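Asker: Just dropping this structure here.
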Amino acid sequence: MKLEISESIEVDTKKLIEEYGQLLTESSKQSIIKNNYKFKGDTKDSVIHQLQSQFSSVKVISKKGRYGGTSFELNGFLGLVKYERENKGGRPSLDWTNELLVIRELINQEVALGSSEKLYRGFTVNQLFEKMVGFNKYKIEAIAKEEVSIHRIFTISGKQKEDEFCLRDTVNNLVRNQKKIYTSLIEKELKKTNHKIDYLDSNGNKLDEETYEEYENFKAELASEIKAENEKIRDKRSKAYREGLNIKDLPKAKTVVEINGEVSLLVEEKFGFEFAYRLFTVLDEIQIDGKGDINKVRENFYNRIMKNANSSQSKHEKTQEINYSETAFYRLVHSGQYVSIMDTVFTKLIGIETKLIDKVEEDSEELQRHLDNVEEYMAEQQQEQEEEFYNQDIYFDVERILYELEHPLSEEECEERYLEMFSY
């Protein structure tokens, strides 16, 4: 719905999304819709920030109870902030000229390799991305292991293997957000070339294109279904806990590793292989107008990673003491060491000096997408933290203790609570 300058409106969350969706980023809208028009993680803070940039004043009204929810009083419309990218000829609005030149050079290197190597089988988009940035998953694993072995925040916790996995996962989360941009650029350049695509499975067998597309669709649908079921499980456990019920026997939400494992098993049951992939063979060299600088590509990649790391760190207050029972991610952000550790990790991965080299252009939509990705990752981390906390033999719910001091139980309720306590 169109807004006039200086206009004021009052809307609930659903109306904001359905009638005034132009006020928010696409990623924020999808996050709210996915969670049944509720705010999860830091989505509310992100939405408030977006609205404040477009109205003179923003008032948030939160109502509790069964028919509660979040409404917004938005006064004095200032004008629309356009978050979406403006595409010109299929290219992003930021200047990616150097990255495109490097991609074309890497493609031409593959053409040269294919003409000289008899056993050459082609390359994947991921392999080309790894050549651009200069590292792969094995290098991430090695550096994560090294960092966990030398930093006190990890060594004193006594959870080295767990911390290695968590640090690796944290690094991959930062890479994943940026990787989508680079692989999209690679895909666009490959489409312009004279090439052929081979589809293969994890057993090395060739597939036809229809089977590969069926596999991709099946995998995406599975992941979506499992994720939706996870949300229901988390909501059920959270509701039961708030109501003071025993949650020990309730099903737990699956971790990312468990989801990936389940998807792989179901894929193998249906198709007879764990995964499939595409191999590109470019047949002719492509014309390059100018020479790209791969070091500059890596410097800009590092700078964008560190901007995102700083944004994540700024969302957490620094605590006086480190809680070593927390996961590695939360220990880092709460102790204020997240940015410095990520800086150390990525300078080693990319092979540059420990400093922010050059300023890079800001991209508000890319930054918002990153914050939403971090929000989802943090929700998963928090869930794992809560699962561990809830399943200890004894834990203390301070809010509930205070409530029960003010609202003493009757003798009948005390007897029921006593019986429940010893029922497991």
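Every chain in the structure tokens has a letter given in the order shown (A, B, ...), and although residue numbers restart at 1 in each chain, ligands are simply numbered from 1 in the order shown.
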Please provide the set of residues having any atom within 12 Å of Ser314 of chain A, restricted to only C-alpha atoms, with same-chain residues fewer than 2 positions apart removed, written as an NGL selection string.
Answerer: :A and (307-312 or 316-318 or 333-339 or 371)
Asker: Report as a list in words all protein, DNA and RNA residues lying within 9 Å of segment 159-170 of chain A, evaluated on only C-alpha atoms, omitting residues in the same chain fewer than 5 positions from it.
Answerer: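 Here the qualifying residues turn out to be Lys137, Ile140, Glu141, Ile143, Ala144, Lys145, Glu146, Glu147, Val148, Ser149, Phe154, Val175, Thr327, Ala328, Phe329, Met342 and Tyr377 of chain A.
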Asker: Determine the nearest neighbour of Lys191 of chain A from the options A:Ile32, A:Val345, A:Val47, A:Val282, counting only C-alpha atoms.
Answerer: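 The shortest atom-to-atom distance to Lys191 of chain A comes from A:Val282.
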Asker: Per DSSP on the backbone, what are the strand (DSSP E or B) residues of segment 2-162 of chain A, as a list in words?
Answerer: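 The strand (DSSP E or B) subset of segment 2-162 of chain A is Ile9, Glu10, Val11, Asp12, Phe55, Ser56, Ser57, Val58, Lys59, Val60, Ile61, Ser62, Lys63, Gly69, Thr70, Ser71, Phe72, Glu73, Leu74, Asn75, Gly76, Phe77, Lys88, Arg91 and Phe123 of chain A.
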Asker: Give me the residues within 12 Å of Asn295 of chain A as a PyMOL selection string, counting only C-alpha atoms and dropping any in the same chain fewer than 3 places off.
Answerer: chain A and resi 98-99+102+131-134+292+298-302+350-353+357
